[in-house]
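Here's the structure we're looking at; comments come further down.
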Amino acid sequence: MTTTPKNTDKKSAKISYTKEQLLHFYREMLSIRRFEERAGQLYGMGLIGGFCHLYIGQEAVVVGMQAAITPDDAVLTSYRDHGHMLACGMEARGVMAELTGRSGGYSRGKGGSMHMFSREKNFYGGHGIVGAQVPIGTGIAFNYNYRNQKRVCLTYLGDGAVNQGQVYESFNMASLWKLPVIYVIENNQYGMGTSVARASAVTDLYKRGSGFGIEGEAVDGMDVLAVKAAADKAVAWCKSGKGPYILEMKTYRYRGHSMSDPAKYRTKEELEKMKTEHDPILMVKALYLKEGGSEDALKKVEQEIKAIMEEAVEFAKASPEPDPAELWTDILVA
């Protein structure tokens with residue numbers, strides 16, 4: 001069974017998959033979307049405070065990337081991070097509790113949407129400062145290299161963050177020391193409300209590492225199979241000691257930059273075209289059915305996910321707020 005990705009400046013290749021893999025991808029992407037939809041609802045009800053950046057529309061990127069790594073590999077990203085947490089295997093209940101500022105959350109209610117971690121799952125954040133995660137991910141890769149560990153660090157950043165100076169310092173160090181880090185640029189077309197074309201002199205973002213000798217390619221980030229194929233290649237590159245790799249994921253977010261963004265900088269026609277013609281979940285669902293998958297199996301997955309998300313919401317609501325004494329914990333004292 002094969003499909004040909006629509007993407008990339010590289011030569012297209014056939015991608016192999018099984019019906020079971022398609023169902024797995026469907027489950028993982030749908031879980032992220034349903035979680036984010038519930039998070040949006042709770043934000044509207046006032047149960048989530050502060051910032052909240054939803055991942056709806058971009059699910060294929062993290063699900064395809066995660067399918068190419070092992071539990072020993074590391075992941076970190078920016079503030080649009082809920083999908084990455086779930087893809088890493090963090091429980092929906094713990095993530096939702098953190099969003100609502102409850103003690104049952106992954107950061108015990110003190111991190112909120114943008115600052116969650118799980119050492120157990122090798123997920124190192126959620127970072128609120130634009131581009132700040134890039135040198136951290138590079139440092140994690142340095143650690144792997146220093147200890148001769150055959151691991152890789154997935155370091156996600158957005159199309160807006162790619163213009164930050166610290167990104168290029170990281171590129172230089174990673175290339176110089178041949179560090180096993182994959183820089184995954186999630187190009188969702190808009191940095192807050194500014195299109196890539198208006199903010200970047202060079203819009204082929206995967207070429208940003210060329211001055212440092214870093215290989216890269218563009219990928220159809222709405223196609224989970226294309227993402228998985230590109231991720232497999234990049235992981236093999238890094239783990240064979242060839243140094244860093246850049247993957248520019250051409251993706252699209254359906255919601256605003258954050259919950260407070262009405263997204264008036266794009267047309268309704270543009271958004272609807274993406275939803276109807278390029279939705280990652282609908283595409284993998286259609287492919288699964290085409291290959292003989294059953295509607296009953298899909299419905300079972302949908303029911304299971306609905307139950308998980310309902311339980312996550314109830315757990316978050318029932319979990320107590322942090323004790324005020326928590327203000328004095330997790331503080332570095334020199």
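By order of appearance in the structure tokens: chains A, B, ..., then residues from 1 within every chain, and ligands from 1 in the order shown.
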
Where does range 32-118 of chain A meet range 137-150 of chain A within 10 Å, residue by residue, with the nearest atom pair and distance in Å to one decimal for each, counting only C-alpha atoms, listed by chain and rising number, as JSON lines?
```
{"residue": "A:Asp72", "atom": "CA", "partner": "A:Lys150", "partner_atom": "CA", "distance": 9.2}
{"residue": "A:Asp73", "atom": "CA", "partner": "A:Lys150", "partner_atom": "CA", "distance": 8.8}
{"residue": "A:Ala74", "atom": "CA", "partner": "A:Ile140", "partner_atom": "CA", "distance": 7.8}
{"residue": "A:Val75", "atom": "CA", "partner": "A:Gly137", "partner_atom": "CA", "distance": 7.9}
{"residue": "A:Leu76", "atom": "CA", "partner": "A:Gly137", "partner_atom": "CA", "distance": 6.7}
{"residue": "A:Thr77", "atom": "CA", "partner": "A:Gly137", "partner_atom": "CA", "distance": 8.6}
```

**OP:** Write out as a PyMOL selection string each polymer residue whose atoms come within 12 Å of Ala97 in chain A, counting only C-alpha atoms; drop sequence neighbours fewer than 4 positions from it.
**Re:** chain A and resi 39+42+47-48+82+91-93+101-113+116+309+311-322

Original post:
If you measure from CA of Phe212 in chain A to CA of Ala174 in chain A, what distance in Å do you get, rounded to one decimal?
Top reply: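 According to the coordinates, CA of Phe212 in chain A and CA of Ala174 in chain A are separated by 9.0 Å.
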
Original post:
Suppose you want the space between CA of Gly243 in chain A and CA of Leu179 in chain A; what is it in Å?
Top reply: 4.8 Å
